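Dumped run.cif below, it's mmCIF, N, CA and C atoms:
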data_target
loop_
_atom_site.label_atom_id
_atom_site.label_comp_id
_atom_site.auth_asym_id
_atom_site.auth_seq_id
_atom_site.Cartn_x
_atom_site.Cartn_y
_atom_site.Cartn_z
N GLN A 6 120.56 103.71 21.26
CA GLN A 6 119.95 102.65 20.48
C GLN A 6 118.52 103.04 20.15
N ARG A 7 118.15 102.81 18.98
CA ARG A 7 116.81 103.20 18.59
C ARG A 7 116.05 102.01 18.01
N ARG A 8 114.78 102.10 18.09
CA ARG A 8 113.92 101.05 17.56
C ARG A 8 113.55 101.39 16.12
N VAL A 9 113.56 100.36 15.32
CA VAL A 9 113.15 100.55 13.94
C VAL A 9 111.81 99.87 13.76
N GLN A 10 110.76 100.65 13.58
CA GLN A 10 109.39 100.18 13.35
C GLN A 10 109.00 99.07 14.33
N GLY A 11 109.16 99.32 15.64
CA GLY A 11 108.70 98.39 16.66
C GLY A 11 109.60 97.19 16.91
N LYS A 12 110.77 97.13 16.29
CA LYS A 12 111.68 95.99 16.50
C LYS A 12 112.61 96.30 17.67
N VAL A 13 112.91 95.28 18.46
CA VAL A 13 113.81 95.42 19.61
C VAL A 13 115.24 95.25 19.10
N PRO A 14 116.15 96.14 19.54
CA PRO A 14 117.55 96.00 19.11
C PRO A 14 118.11 94.62 19.47
N VAL A 15 119.01 94.13 18.65
CA VAL A 15 119.59 92.79 18.81
C VAL A 15 120.28 92.63 20.16
N LEU A 16 120.99 93.63 20.63
CA LEU A 16 121.69 93.52 21.91
C LEU A 16 120.72 93.26 23.05
N HIS A 17 119.55 93.87 23.01
CA HIS A 17 118.54 93.62 24.05
C HIS A 17 118.06 92.18 24.01
N ILE A 18 117.89 91.64 22.83
CA ILE A 18 117.44 90.25 22.69
C ILE A 18 118.49 89.30 23.25
N ILE A 19 119.74 89.54 22.92
CA ILE A 19 120.83 88.69 23.41
C ILE A 19 120.93 88.76 24.93
N ALA A 20 120.82 89.96 25.47
CA ALA A 20 120.89 90.12 26.92
C ALA A 20 119.74 89.40 27.61
N ARG A 21 118.54 89.47 27.05
CA ARG A 21 117.39 88.78 27.64
C ARG A 21 117.57 87.27 27.58
N LEU A 22 118.06 86.77 26.44
CA LEU A 22 118.28 85.33 26.31
C LEU A 22 119.30 84.83 27.32
N ALA A 23 120.40 85.56 27.47
CA ALA A 23 121.44 85.17 28.42
C ALA A 23 120.88 85.16 29.84
N ALA A 24 120.11 86.17 30.18
CA ALA A 24 119.52 86.25 31.52
C ALA A 24 118.52 85.12 31.74
N SER A 25 117.74 84.80 30.74
CA SER A 25 116.73 83.74 30.92
C SER A 25 117.40 82.37 31.04
N LYS A 26 118.47 82.14 30.30
CA LYS A 26 119.17 80.86 30.40
C LYS A 26 119.82 80.72 31.76
N LEU A 27 120.42 81.77 32.26
CA LEU A 27 121.05 81.74 33.57
C LEU A 27 120.01 81.45 34.63
N THR A 28 118.86 82.09 34.52
CA THR A 28 117.80 81.88 35.48
C THR A 28 117.28 80.45 35.40
N ASP A 29 117.10 79.91 34.20
CA ASP A 29 116.64 78.53 34.03
C ASP A 29 117.64 77.56 34.63
N GLN A 30 118.92 77.80 34.42
CA GLN A 30 119.96 76.93 34.93
C GLN A 30 119.97 76.95 36.45
N GLU A 31 119.86 78.14 37.03
CA GLU A 31 119.85 78.25 38.48
C GLU A 31 118.59 77.62 39.06
N ALA A 32 117.47 77.81 38.39
CA ALA A 32 116.19 77.28 38.88
C ALA A 32 116.19 75.75 38.85
N SER A 33 116.85 75.15 37.86
CA SER A 33 116.85 73.69 37.76
C SER A 33 117.88 73.07 38.70
N GLY A 34 118.76 73.90 39.27
CA GLY A 34 119.78 73.37 40.18
C GLY A 34 120.89 72.64 39.47
N SER A 35 121.03 72.87 38.18
CA SER A 35 122.04 72.14 37.42
C SER A 35 123.37 72.86 37.35
N SER A 36 123.51 73.95 38.07
CA SER A 36 124.79 74.64 38.04
C SER A 36 125.84 73.76 38.69
N LYS A 37 127.01 73.71 38.10
CA LYS A 37 128.06 72.81 38.58
C LYS A 37 128.82 73.43 39.73
N ARG A 38 129.06 72.61 40.74
CA ARG A 38 129.84 73.02 41.90
C ARG A 38 131.22 72.41 41.79
N LYS A 39 132.18 73.12 42.28
CA LYS A 39 133.52 72.56 42.35
C LYS A 39 133.80 72.21 43.79
N GLY A 40 134.81 71.42 43.99
CA GLY A 40 135.15 71.03 45.34
C GLY A 40 134.66 69.62 45.62
N ARG A 41 134.73 69.25 46.88
CA ARG A 41 134.34 67.89 47.21
C ARG A 41 132.86 67.80 47.54
N LYS A 42 132.37 66.59 47.59
CA LYS A 42 130.95 66.35 47.84
C LYS A 42 130.59 66.78 49.26
N ALA A 43 129.35 67.17 49.43
CA ALA A 43 128.87 67.57 50.75
C ALA A 43 128.97 66.37 51.69
N GLY A 44 129.50 66.61 52.88
CA GLY A 44 129.63 65.55 53.87
C GLY A 44 130.88 64.72 53.76
N ALA A 45 131.74 65.00 52.77
CA ALA A 45 132.97 64.22 52.60
C ALA A 45 133.90 64.47 53.79
N GLN A 46 134.50 63.40 54.27
CA GLN A 46 135.38 63.48 55.43
C GLN A 46 136.83 63.68 54.99
N ASN A 47 137.61 64.33 55.84
CA ASN A 47 139.04 64.45 55.60
C ASN A 47 139.70 63.10 55.81
N TYR A 48 140.88 62.93 55.24
CA TYR A 48 141.67 61.74 55.49
C TYR A 48 142.31 61.86 56.87
N SER A 49 142.30 60.78 57.62
CA SER A 49 142.99 60.77 58.91
C SER A 49 144.48 60.52 58.65
N LYS A 50 145.29 60.72 59.68
CA LYS A 50 146.74 60.43 59.54
C LYS A 50 146.95 58.96 59.20
N GLU A 51 146.16 58.09 59.81
CA GLU A 51 146.29 56.65 59.56
C GLU A 51 145.92 56.32 58.11
N GLN A 52 144.86 56.93 57.59
CA GLN A 52 144.47 56.70 56.20
C GLN A 52 145.54 57.21 55.24
N ALA A 53 146.12 58.36 55.53
CA ALA A 53 147.20 58.90 54.70
C ALA A 53 148.41 57.96 54.73
N ARG A 54 148.69 57.41 55.91
CA ARG A 54 149.82 56.47 56.04
C ARG A 54 149.57 55.22 55.19
N ILE A 55 148.33 54.74 55.16
CA ILE A 55 147.99 53.56 54.35
C ILE A 55 148.18 53.86 52.87
N ILE A 56 147.76 55.04 52.44
CA ILE A 56 147.94 55.42 51.03
C ILE A 56 149.42 55.41 50.67
N ILE A 57 150.23 56.05 51.48
CA ILE A 57 151.66 56.13 51.20
C ILE A 57 152.29 54.73 51.23
N GLN A 58 151.86 53.91 52.17
CA GLN A 58 152.35 52.53 52.28
C GLN A 58 152.02 51.75 51.00
N GLN A 59 150.82 51.91 50.48
CA GLN A 59 150.41 51.19 49.28
C GLN A 59 151.11 51.72 48.02
N VAL A 60 151.31 53.02 47.96
CA VAL A 60 152.06 53.59 46.83
C VAL A 60 153.48 53.06 46.85
N LYS A 61 154.05 52.94 48.04
CA LYS A 61 155.42 52.42 48.18
C LYS A 61 155.49 50.97 47.73
N ALA A 62 154.47 50.17 48.05
CA ALA A 62 154.47 48.76 47.69
C ALA A 62 154.20 48.53 46.21
N ILE A 63 153.30 49.31 45.62
CA ILE A 63 152.85 49.07 44.24
C ILE A 63 153.63 49.88 43.22
N ARG A 64 154.06 51.08 43.59
CA ARG A 64 154.76 51.98 42.67
C ARG A 64 153.94 52.24 41.42
N PRO A 65 152.74 52.83 41.58
CA PRO A 65 151.84 53.02 40.43
C PRO A 65 152.37 54.04 39.43
N ILE A 66 152.25 53.68 38.16
CA ILE A 66 152.62 54.61 37.10
C ILE A 66 151.39 54.95 36.27
N GLY A 67 150.59 53.95 35.98
CA GLY A 67 149.39 54.16 35.18
C GLY A 67 148.13 53.94 35.99
N SER A 68 147.00 53.95 35.30
CA SER A 68 145.71 53.83 35.97
C SER A 68 145.54 52.47 36.65
N ASP A 69 146.11 51.41 36.07
CA ASP A 69 145.99 50.09 36.69
C ASP A 69 146.66 50.07 38.06
N GLY A 70 147.81 50.69 38.15
CA GLY A 70 148.52 50.75 39.43
C GLY A 70 147.73 51.53 40.47
N TRP A 71 147.14 52.65 40.06
CA TRP A 71 146.35 53.45 40.99
C TRP A 71 145.08 52.72 41.41
N GLU A 72 144.50 51.94 40.51
CA GLU A 72 143.33 51.13 40.86
C GLU A 72 143.71 50.11 41.94
N GLN A 73 144.89 49.51 41.80
CA GLN A 73 145.35 48.53 42.79
C GLN A 73 145.58 49.22 44.14
N VAL A 74 146.17 50.42 44.12
CA VAL A 74 146.37 51.18 45.36
C VAL A 74 145.02 51.42 46.02
N ALA A 75 144.02 51.81 45.23
CA ALA A 75 142.68 52.10 45.77
C ALA A 75 142.04 50.85 46.36
N MET A 76 142.17 49.72 45.68
CA MET A 76 141.57 48.48 46.20
C MET A 76 142.24 48.07 47.51
N ASN A 77 143.56 48.14 47.55
CA ASN A 77 144.28 47.78 48.78
C ASN A 77 143.92 48.74 49.91
N TYR A 78 143.82 50.02 49.58
CA TYR A 78 143.45 51.03 50.58
C TYR A 78 142.08 50.70 51.17
N ALA A 79 141.12 50.38 50.32
CA ALA A 79 139.76 50.07 50.78
C ALA A 79 139.75 48.88 51.72
N GLN A 80 140.55 47.87 51.42
CA GLN A 80 140.62 46.69 52.28
C GLN A 80 141.28 47.00 53.62
N LEU A 81 142.39 47.71 53.58
CA LEU A 81 143.15 47.97 54.80
C LEU A 81 142.50 49.00 55.71
N SER A 82 141.84 49.99 55.12
CA SER A 82 141.27 51.07 55.92
C SER A 82 139.80 50.87 56.24
N GLN A 83 139.17 49.85 55.64
CA GLN A 83 137.73 49.62 55.80
C GLN A 83 136.92 50.83 55.34
N ASP A 84 137.46 51.57 54.37
CA ASP A 84 136.82 52.77 53.84
C ASP A 84 136.56 52.58 52.35
N ASN A 85 135.32 52.27 52.00
CA ASN A 85 134.97 52.04 50.59
C ASN A 85 134.40 53.28 49.93
N THR A 86 134.45 54.42 50.61
CA THR A 86 133.85 55.63 50.06
C THR A 86 134.81 56.42 49.17
N ARG A 87 136.08 56.11 49.22
CA ARG A 87 137.08 56.89 48.46
C ARG A 87 137.22 56.36 47.04
N THR A 88 137.29 57.28 46.09
CA THR A 88 137.51 56.90 44.70
C THR A 88 139.00 56.83 44.43
N THR A 89 139.35 56.19 43.33
CA THR A 89 140.75 56.12 42.92
C THR A 89 141.31 57.52 42.73
N GLU A 90 140.51 58.39 42.09
CA GLU A 90 140.97 59.77 41.87
C GLU A 90 141.20 60.51 43.17
N SER A 91 140.35 60.27 44.16
CA SER A 91 140.50 60.92 45.46
C SER A 91 141.79 60.48 46.15
N ILE A 92 142.07 59.19 46.09
CA ILE A 92 143.27 58.65 46.72
C ILE A 92 144.52 59.17 46.01
N LYS A 93 144.47 59.17 44.70
CA LYS A 93 145.59 59.70 43.91
C LYS A 93 145.82 61.18 44.21
N ALA A 94 144.73 61.94 44.30
CA ALA A 94 144.83 63.37 44.60
C ALA A 94 145.43 63.61 45.98
N LYS A 95 145.07 62.76 46.94
CA LYS A 95 145.61 62.91 48.29
C LYS A 95 147.12 62.67 48.29
N PHE A 96 147.55 61.62 47.59
CA PHE A 96 148.99 61.35 47.50
C PHE A 96 149.72 62.53 46.88
N PHE A 97 149.18 63.05 45.78
CA PHE A 97 149.86 64.15 45.11
C PHE A 97 149.75 65.46 45.87
N SER A 98 148.76 65.58 46.76
CA SER A 98 148.70 66.78 47.60
C SER A 98 149.91 66.79 48.54
N TYR A 99 150.32 65.61 48.97
CA TYR A 99 151.55 65.52 49.78
C TYR A 99 152.79 65.68 48.91
N ALA A 100 152.84 64.94 47.80
CA ALA A 100 154.04 64.93 46.96
C ALA A 100 154.34 66.30 46.35
N ASN A 101 153.32 67.10 46.09
CA ASN A 101 153.52 68.40 45.45
C ASN A 101 153.45 69.57 46.41
N SER A 102 153.31 69.30 47.70
CA SER A 102 153.18 70.41 48.65
C SER A 102 154.53 71.09 48.88
N LYS A 103 154.45 72.35 49.21
CA LYS A 103 155.65 73.14 49.47
C LYS A 103 155.99 73.06 50.95
N LYS A 104 157.24 73.21 51.24
CA LYS A 104 157.68 73.24 52.63
C LYS A 104 157.15 74.53 53.26
N PRO A 105 156.56 74.45 54.46
CA PRO A 105 156.01 75.65 55.09
C PRO A 105 157.08 76.72 55.34
N THR A 106 156.76 77.94 55.02
CA THR A 106 157.69 79.04 55.22
C THR A 106 157.91 79.26 56.71
N GLY A 107 159.14 79.40 57.11
CA GLY A 107 159.46 79.69 58.50
C GLY A 107 159.43 78.47 59.39
N ASP A 108 159.06 77.30 58.86
CA ASP A 108 159.02 76.08 59.65
C ASP A 108 160.00 75.08 59.06
N PRO A 109 161.09 74.80 59.77
CA PRO A 109 162.10 73.89 59.21
C PRO A 109 161.66 72.43 59.22
N HIS A 110 160.56 72.13 59.88
CA HIS A 110 160.10 70.75 59.99
C HIS A 110 159.04 70.44 58.96
N CYS A 111 159.40 69.58 58.02
CA CYS A 111 158.46 69.14 56.99
C CYS A 111 157.76 67.88 57.52
N PRO A 112 156.43 67.81 57.42
CA PRO A 112 155.74 66.61 57.92
C PRO A 112 156.27 65.34 57.27
N GLU A 113 156.29 64.27 58.04
CA GLU A 113 156.84 62.99 57.56
C GLU A 113 156.10 62.46 56.34
N GLU A 114 154.77 62.64 56.29
CA GLU A 114 154.00 62.17 55.13
C GLU A 114 154.46 62.87 53.86
N VAL A 115 154.73 64.17 53.99
CA VAL A 115 155.17 64.96 52.83
C VAL A 115 156.54 64.50 52.37
N LYS A 116 157.46 64.31 53.31
CA LYS A 116 158.80 63.84 52.95
C LYS A 116 158.74 62.50 52.24
N GLU A 117 157.97 61.59 52.81
CA GLU A 117 157.87 60.24 52.23
C GLU A 117 157.23 60.27 50.85
N ALA A 118 156.17 61.04 50.67
CA ALA A 118 155.50 61.13 49.38
C ALA A 118 156.42 61.74 48.32
N LYS A 119 157.15 62.78 48.68
CA LYS A 119 158.08 63.41 47.74
C LYS A 119 159.18 62.42 47.34
N ARG A 120 159.73 61.73 48.32
CA ARG A 120 160.78 60.75 48.07
C ARG A 120 160.26 59.62 47.19
N LEU A 121 159.06 59.12 47.49
CA LEU A 121 158.47 58.04 46.72
C LEU A 121 158.24 58.44 45.26
N TRP A 122 157.65 59.61 45.06
CA TRP A 122 157.35 60.04 43.69
C TRP A 122 158.63 60.25 42.88
N ARG A 123 159.65 60.80 43.53
CA ARG A 123 160.94 60.97 42.85
C ARG A 123 161.50 59.60 42.45
N ASP A 124 161.42 58.62 43.34
CA ASP A 124 161.93 57.28 43.05
C ASP A 124 161.13 56.60 41.93
N ILE A 125 159.81 56.76 41.97
CA ILE A 125 158.96 56.16 40.93
C ILE A 125 159.30 56.76 39.57
N CYS A 126 159.48 58.06 39.51
CA CYS A 126 159.82 58.71 38.24
C CYS A 126 161.19 58.26 37.74
N THR A 127 162.13 58.11 38.66
CA THR A 127 163.47 57.67 38.28
C THR A 127 163.43 56.24 37.76
N GLU A 128 162.70 55.36 38.45
CA GLU A 128 162.60 53.96 38.02
C GLU A 128 161.93 53.84 36.66
N ALA A 129 160.96 54.69 36.39
CA ALA A 129 160.23 54.63 35.13
C ALA A 129 160.91 55.46 34.04
N HIS A 130 162.01 56.11 34.39
CA HIS A 130 162.73 56.97 33.46
C HIS A 130 161.82 58.06 32.90
N VAL A 131 161.05 58.66 33.80
CA VAL A 131 160.13 59.72 33.42
C VAL A 131 160.82 61.05 33.68
N GLY A 132 160.67 61.96 32.77
CA GLY A 132 161.24 63.28 32.95
C GLY A 132 160.96 64.13 31.73
N VAL A 133 161.32 65.38 31.83
CA VAL A 133 161.16 66.29 30.72
C VAL A 133 162.55 66.62 30.22
N PHE A 134 162.75 66.43 28.94
CA PHE A 134 164.07 66.68 28.37
C PHE A 134 164.04 67.96 27.56
N GLY A 135 165.14 68.64 27.57
CA GLY A 135 165.24 69.84 26.77
C GLY A 135 166.50 70.61 27.14
N MET A 136 167.07 71.26 26.20
CA MET A 136 168.25 72.10 26.41
C MET A 136 169.39 71.30 27.04
N GLY A 137 169.48 69.99 26.72
CA GLY A 137 170.59 69.19 27.17
C GLY A 137 170.59 68.82 28.65
N ARG A 138 169.49 69.03 29.34
CA ARG A 138 169.46 68.66 30.75
C ARG A 138 168.13 67.97 31.08
N ARG A 139 168.17 67.13 32.10
CA ARG A 139 166.96 66.43 32.51
C ARG A 139 166.35 67.17 33.69
N LEU A 140 165.08 67.47 33.61
CA LEU A 140 164.38 68.16 34.67
C LEU A 140 163.71 67.17 35.59
N GLN A 141 163.48 67.58 36.83
CA GLN A 141 162.80 66.71 37.79
C GLN A 141 161.33 66.56 37.40
N CYS A 142 160.77 65.37 37.63
CA CYS A 142 159.35 65.18 37.35
C CYS A 142 158.55 65.49 38.59
#
Go through the file and emit its structure as structure tokens.
Amino acid sequence: QRRVQGKVPVLHIIARLAASKLTDQEASGSSKRKGRKAGAQNYSKEQARIIIQQVKAIRPIGSDGWEQVAMNYAQLSQDNTRTTESIKAKFFSYANSKKPTGDPHCPEEVKEAKRLWRDICTEAHVGVFGMGRRLQC
């Protein structure tokens, strides 16, 4: 790369701009973190049981149903720190988990969540159609 009459090549300018923006972003602390908030607690077995119990009672399909599950959970567990999304994610972490390899015993919470979600999908007639067969939701 050569300079033409004291001008800096364009690639150098772009590289400097990218580096300065990255440094500014890091310096301001605005870089986004993934994962849960610092200090967030795990769900206890009792809290997980309450979530599954409420999903079983309400059978949420849309956001209103999940809001009701979250409100009931907060009352029953005395835990107002959990968001609706967090509670929904916990339920689906059980419902979508795989059976452990080499272990024939699937945890009861996982069995119940899988069974519940299958029943909710069946009741709501939810599924993916194609090629003449209905797939599991």
- request: May I ask for the distance between atom CA of A:Ala45 and atom CA of A:Ile92, given in Å to one decimal place?
  value: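 Interatomic distance, atom CA of A:Ala45 to atom CA of A:Ile92: 13.1 Å.
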query: Nearest to A:Glu51 among A:Thr89, A:Ser82, A:Ser98, A:Thr127, with distances taken over only C-alpha atoms: which residue is it?
result: A:Ser82
Do you know which residues are at most 8 Å from stretch 61-63 of chain A counting all atoms listed in the file, after dropping those on the same chain fewer than 6 positions away, and could you put them as a PDB file with N, CA and C atoms, keeping the file's coordinate frame?
ATOM      1  N   ILE A  55     148.330  54.740  55.160  1.00  0.00           N
ATOM      2  CA  ILE A  55     147.990  53.560  54.350  1.00  0.00           C
ATOM      3  C   ILE A  55     148.180  53.860  52.870  1.00  0.00           C
ATOM      4  N   GLY A  70     147.810  50.690  38.150  1.00  0.00           N
ATOM      5  CA  GLY A  70     148.520  50.750  39.430  1.00  0.00           C
ATOM      6  C   GLY A  70     147.730  51.530  40.470  1.00  0.00           C
ATOM      7  N   TRP A  71     147.140  52.650  40.060  1.00  0.00           N
ATOM      8  CA  TRP A  71     146.350  53.450  40.990  1.00  0.00           C
ATOM      9  C   TRP A  71     145.080  52.720  41.410  1.00  0.00           C
ATOM     10  N   GLN A  73     144.890  49.510  41.800  1.00  0.00           N
ATOM     11  CA  GLN A  73     145.350  48.530  42.790  1.00  0.00           C
ATOM     12  C   GLN A  73     145.580  49.220  44.140  1.00  0.00           C
ATOM     13  N   VAL A  74     146.170  50.420  44.120  1.00  0.00           N
ATOM     14  CA  VAL A  74     146.370  51.180  45.360  1.00  0.00           C
ATOM     15  C   VAL A  74     145.020  51.420  46.020  1.00  0.00           C
ATOM     16  N   LEU A 121     159.060  59.120  47.490  1.00  0.00           N
ATOM     17  CA  LEU A 121     158.470  58.040  46.720  1.00  0.00           C
ATOM     18  C   LEU A 121     158.240  58.440  45.260  1.00  0.00           C
TER      19      LEU A 121
END
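The two atoms in question, atom CA of A:Pro65 and atom CA of A:Asn47, are spaced 22.9 Å apart.
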Would you mind putting all heavy atoms back on stretch 117-128 of chain A and writing the result as a PDB file, keeping the file's coordinate frame?
ATOM      1  N   GLU A 117     157.970  61.590  52.810  1.00  0.00           N
ATOM      2  CA  GLU A 117     157.870  60.240  52.230  1.00  0.00           C
ATOM      3  C   GLU A 117     157.230  60.270  50.850  1.00  0.00           C
ATOM      4  O   GLU A 117     157.683  59.599  49.932  1.00  0.00           O
ATOM      5  CB  GLU A 117     157.080  59.331  53.172  1.00  0.00           C
ATOM      6  CG  GLU A 117     157.025  57.893  52.729  1.00  0.00           C
ATOM      7  CD  GLU A 117     158.367  57.178  52.767  1.00  0.00           C
ATOM      8  OE1 GLU A 117     159.294  57.671  53.434  1.00  0.00           O
ATOM      9  OE2 GLU A 117     158.494  56.128  52.104  1.00  0.00           O
ATOM     10  N   ALA A 118     156.170  61.040  50.670  1.00  0.00           N
ATOM     11  CA  ALA A 118     155.500  61.130  49.380  1.00  0.00           C
ATOM     12  C   ALA A 118     156.420  61.740  48.320  1.00  0.00           C
ATOM     13  O   ALA A 118     156.471  61.262  47.185  1.00  0.00           O
ATOM     14  CB  ALA A 118     154.214  61.936  49.494  1.00  0.00           C
ATOM     15  N   LYS A 119     157.150  62.780  48.680  1.00  0.00           N
ATOM     16  CA  LYS A 119     158.080  63.410  47.740  1.00  0.00           C
ATOM     17  C   LYS A 119     159.180  62.420  47.340  1.00  0.00           C
ATOM     18  O   LYS A 119     159.506  62.289  46.160  1.00  0.00           O
ATOM     19  CB  LYS A 119     158.708  64.660  48.359  1.00  0.00           C
ATOM     20  CG  LYS A 119     157.767  65.839  48.434  1.00  0.00           C
ATOM     21  CD  LYS A 119     158.448  67.028  49.084  1.00  0.00           C
ATOM     22  CE  LYS A 119     157.585  68.247  49.088  1.00  0.00           C
ATOM     23  NZ  LYS A 119     157.304  68.799  47.776  1.00  0.00           N
ATOM     24  N   ARG A 120     159.730  61.730  48.320  1.00  0.00           N
ATOM     25  CA  ARG A 120     160.780  60.750  48.070  1.00  0.00           C
ATOM     26  C   ARG A 120     160.260  59.620  47.190  1.00  0.00           C
ATOM     27  O   ARG A 120     160.915  59.219  46.217  1.00  0.00           O
ATOM     28  CB  ARG A 120     161.278  60.214  49.419  1.00  0.00           C
ATOM     29  CG  ARG A 120     162.538  59.439  49.387  1.00  0.00           C
ATOM     30  CD  ARG A 120     163.082  59.055  50.770  1.00  0.00           C
ATOM     31  NE  ARG A 120     162.115  59.112  51.868  1.00  0.00           N
ATOM     32  CZ  ARG A 120     162.206  59.954  52.907  1.00  0.00           C
ATOM     33  NH1 ARG A 120     163.200  60.817  52.980  1.00  0.00           N
ATOM     34  NH2 ARG A 120     161.312  59.917  53.874  1.00  0.00           N
ATOM     35  N   LEU A 121     159.060  59.120  47.490  1.00  0.00           N
ATOM     36  CA  LEU A 121     158.470  58.040  46.720  1.00  0.00           C
ATOM     37  C   LEU A 121     158.240  58.440  45.260  1.00  0.00           C
ATOM     38  O   LEU A 121     158.568  57.687  44.348  1.00  0.00           O
ATOM     39  CB  LEU A 121     157.109  57.664  47.317  1.00  0.00           C
ATOM     40  CG  LEU A 121     157.068  56.498  48.257  1.00  0.00           C
ATOM     41  CD1 LEU A 121     155.703  56.404  48.900  1.00  0.00           C
ATOM     42  CD2 LEU A 121     157.406  55.225  47.558  1.00  0.00           C
ATOM     43  N   TRP A 122     157.650  59.610  45.060  1.00  0.00           N
ATOM     44  CA  TRP A 122     157.350  60.040  43.690  1.00  0.00           C
ATOM     45  C   TRP A 122     158.630  60.250  42.880  1.00  0.00           C
ATOM     46  O   TRP A 122     158.698  59.900  41.714  1.00  0.00           O
ATOM     47  CB  TRP A 122     156.468  61.277  43.686  1.00  0.00           C
ATOM     48  CG  TRP A 122     156.001  61.607  42.297  1.00  0.00           C
ATOM     49  CD1 TRP A 122     156.236  62.743  41.593  1.00  0.00           C
ATOM     50  CD2 TRP A 122     155.250  60.750  41.434  1.00  0.00           C
ATOM     51  NE1 TRP A 122     155.662  62.653  40.353  1.00  0.00           N
ATOM     52  CE2 TRP A 122     155.056  61.441  40.223  1.00  0.00           C
ATOM     53  CE3 TRP A 122     154.723  59.474  41.561  1.00  0.00           C
ATOM     54  CZ2 TRP A 122     154.355  60.891  39.152  1.00  0.00           C
ATOM     55  CZ3 TRP A 122     154.017  58.928  40.487  1.00  0.00           C
ATOM     56  CH2 TRP A 122     153.854  59.641  39.301  1.00  0.00           C
ATOM     57  N   ARG A 123     159.650  60.800  43.530  1.00  0.00           N
ATOM     58  CA  ARG A 123     160.940  60.970  42.850  1.00  0.00           C
ATOM     59  C   ARG A 123     161.500  59.600  42.450  1.00  0.00           C
ATOM     60  O   ARG A 123     161.966  59.419  41.323  1.00  0.00           O
ATOM     61  CB  ARG A 123     161.909  61.724  43.751  1.00  0.00           C
ATOM     62  CG  ARG A 123     163.231  62.065  43.079  1.00  0.00           C
ATOM     63  CD  ARG A 123     164.188  62.812  43.998  1.00  0.00           C
ATOM     64  NE  ARG A 123     164.459  62.041  45.205  1.00  0.00           N
ATOM     65  CZ  ARG A 123     164.139  62.415  46.453  1.00  0.00           C
ATOM     66  NH1 ARG A 123     163.529  63.568  46.649  1.00  0.00           N
ATOM     67  NH2 ARG A 123     164.422  61.660  47.486  1.00  0.00           N
ATOM     68  N   ASP A 124     161.420  58.620  43.340  1.00  0.00           N
ATOM     69  CA  ASP A 124     161.930  57.280  43.050  1.00  0.00           C
ATOM     70  C   ASP A 124     161.130  56.600  41.930  1.00  0.00           C
ATOM     71  O   ASP A 124     161.696  55.958  41.061  1.00  0.00           O
ATOM     72  CB  ASP A 124     161.892  56.410  44.309  1.00  0.00           C
ATOM     73  CG  ASP A 124     162.885  56.861  45.369  1.00  0.00           C
ATOM     74  OD1 ASP A 124     163.765  57.702  45.062  1.00  0.00           O
ATOM     75  OD2 ASP A 124     162.767  56.373  46.516  1.00  0.00           O
ATOM     76  N   ILE A 125     159.810  56.760  41.970  1.00  0.00           N
ATOM     77  CA  ILE A 125     158.960  56.160  40.930  1.00  0.00           C
ATOM     78  C   ILE A 125     159.300  56.760  39.570  1.00  0.00           C
ATOM     79  O   ILE A 125     159.440  56.031  38.578  1.00  0.00           O
ATOM     80  CB  ILE A 125     157.464  56.364  41.260  1.00  0.00           C
ATOM     81  CG1 ILE A 125     157.069  55.508  42.460  1.00  0.00           C
ATOM     82  CG2 ILE A 125     156.589  56.033  40.054  1.00  0.00           C
ATOM     83  CD1 ILE A 125     155.706  55.821  43.028  1.00  0.00           C
ATOM     84  N   CYS A 126     159.480  58.060  39.510  1.00  0.00           N
ATOM     85  CA  CYS A 126     159.820  58.710  38.240  1.00  0.00           C
ATOM     86  C   CYS A 126     161.190  58.260  37.740  1.00  0.00           C
ATOM     87  O   CYS A 126     161.372  58.023  36.542  1.00  0.00           O
ATOM     88  CB  CYS A 126     159.817  60.234  38.411  1.00  0.00           C
ATOM     89  SG  CYS A 126     158.175  60.932  38.580  1.00  0.00           S
ATOM     90  N   THR A 127     162.130  58.110  38.660  1.00  0.00           N
ATOM     91  CA  THR A 127     163.470  57.670  38.280  1.00  0.00           C
ATOM     92  C   THR A 127     163.430  56.240  37.760  1.00  0.00           C
ATOM     93  O   THR A 127     164.030  55.933  36.726  1.00  0.00           O
ATOM     94  CB  THR A 127     164.425  57.760  39.488  1.00  0.00           C
ATOM     95  OG1 THR A 127     164.457  59.113  39.935  1.00  0.00           O
ATOM     96  CG2 THR A 127     165.834  57.333  39.108  1.00  0.00           C
ATOM     97  N   GLU A 128     162.700  55.360  38.450  1.00  0.00           N
ATOM     98  CA  GLU A 128     162.600  53.960  38.020  1.00  0.00           C
ATOM     99  C   GLU A 128     161.930  53.840  36.660  1.00  0.00           C
ATOM    100  O   GLU A 128     162.275  52.985  35.864  1.00  0.00           O
ATOM    101  CB  GLU A 128     161.797  53.160  39.038  1.00  0.00           C
ATOM    102  CG  GLU A 128     162.523  52.936  40.336  1.00  0.00           C
ATOM    103  CD  GLU A 128     161.615  52.393  41.425  1.00  0.00           C
ATOM    104  OE1 GLU A 128     160.456  52.022  41.126  1.00  0.00           O
ATOM    105  OE2 GLU A 128     162.057  52.365  42.585  1.00  0.00           O
TER     106      GLU A 128
END
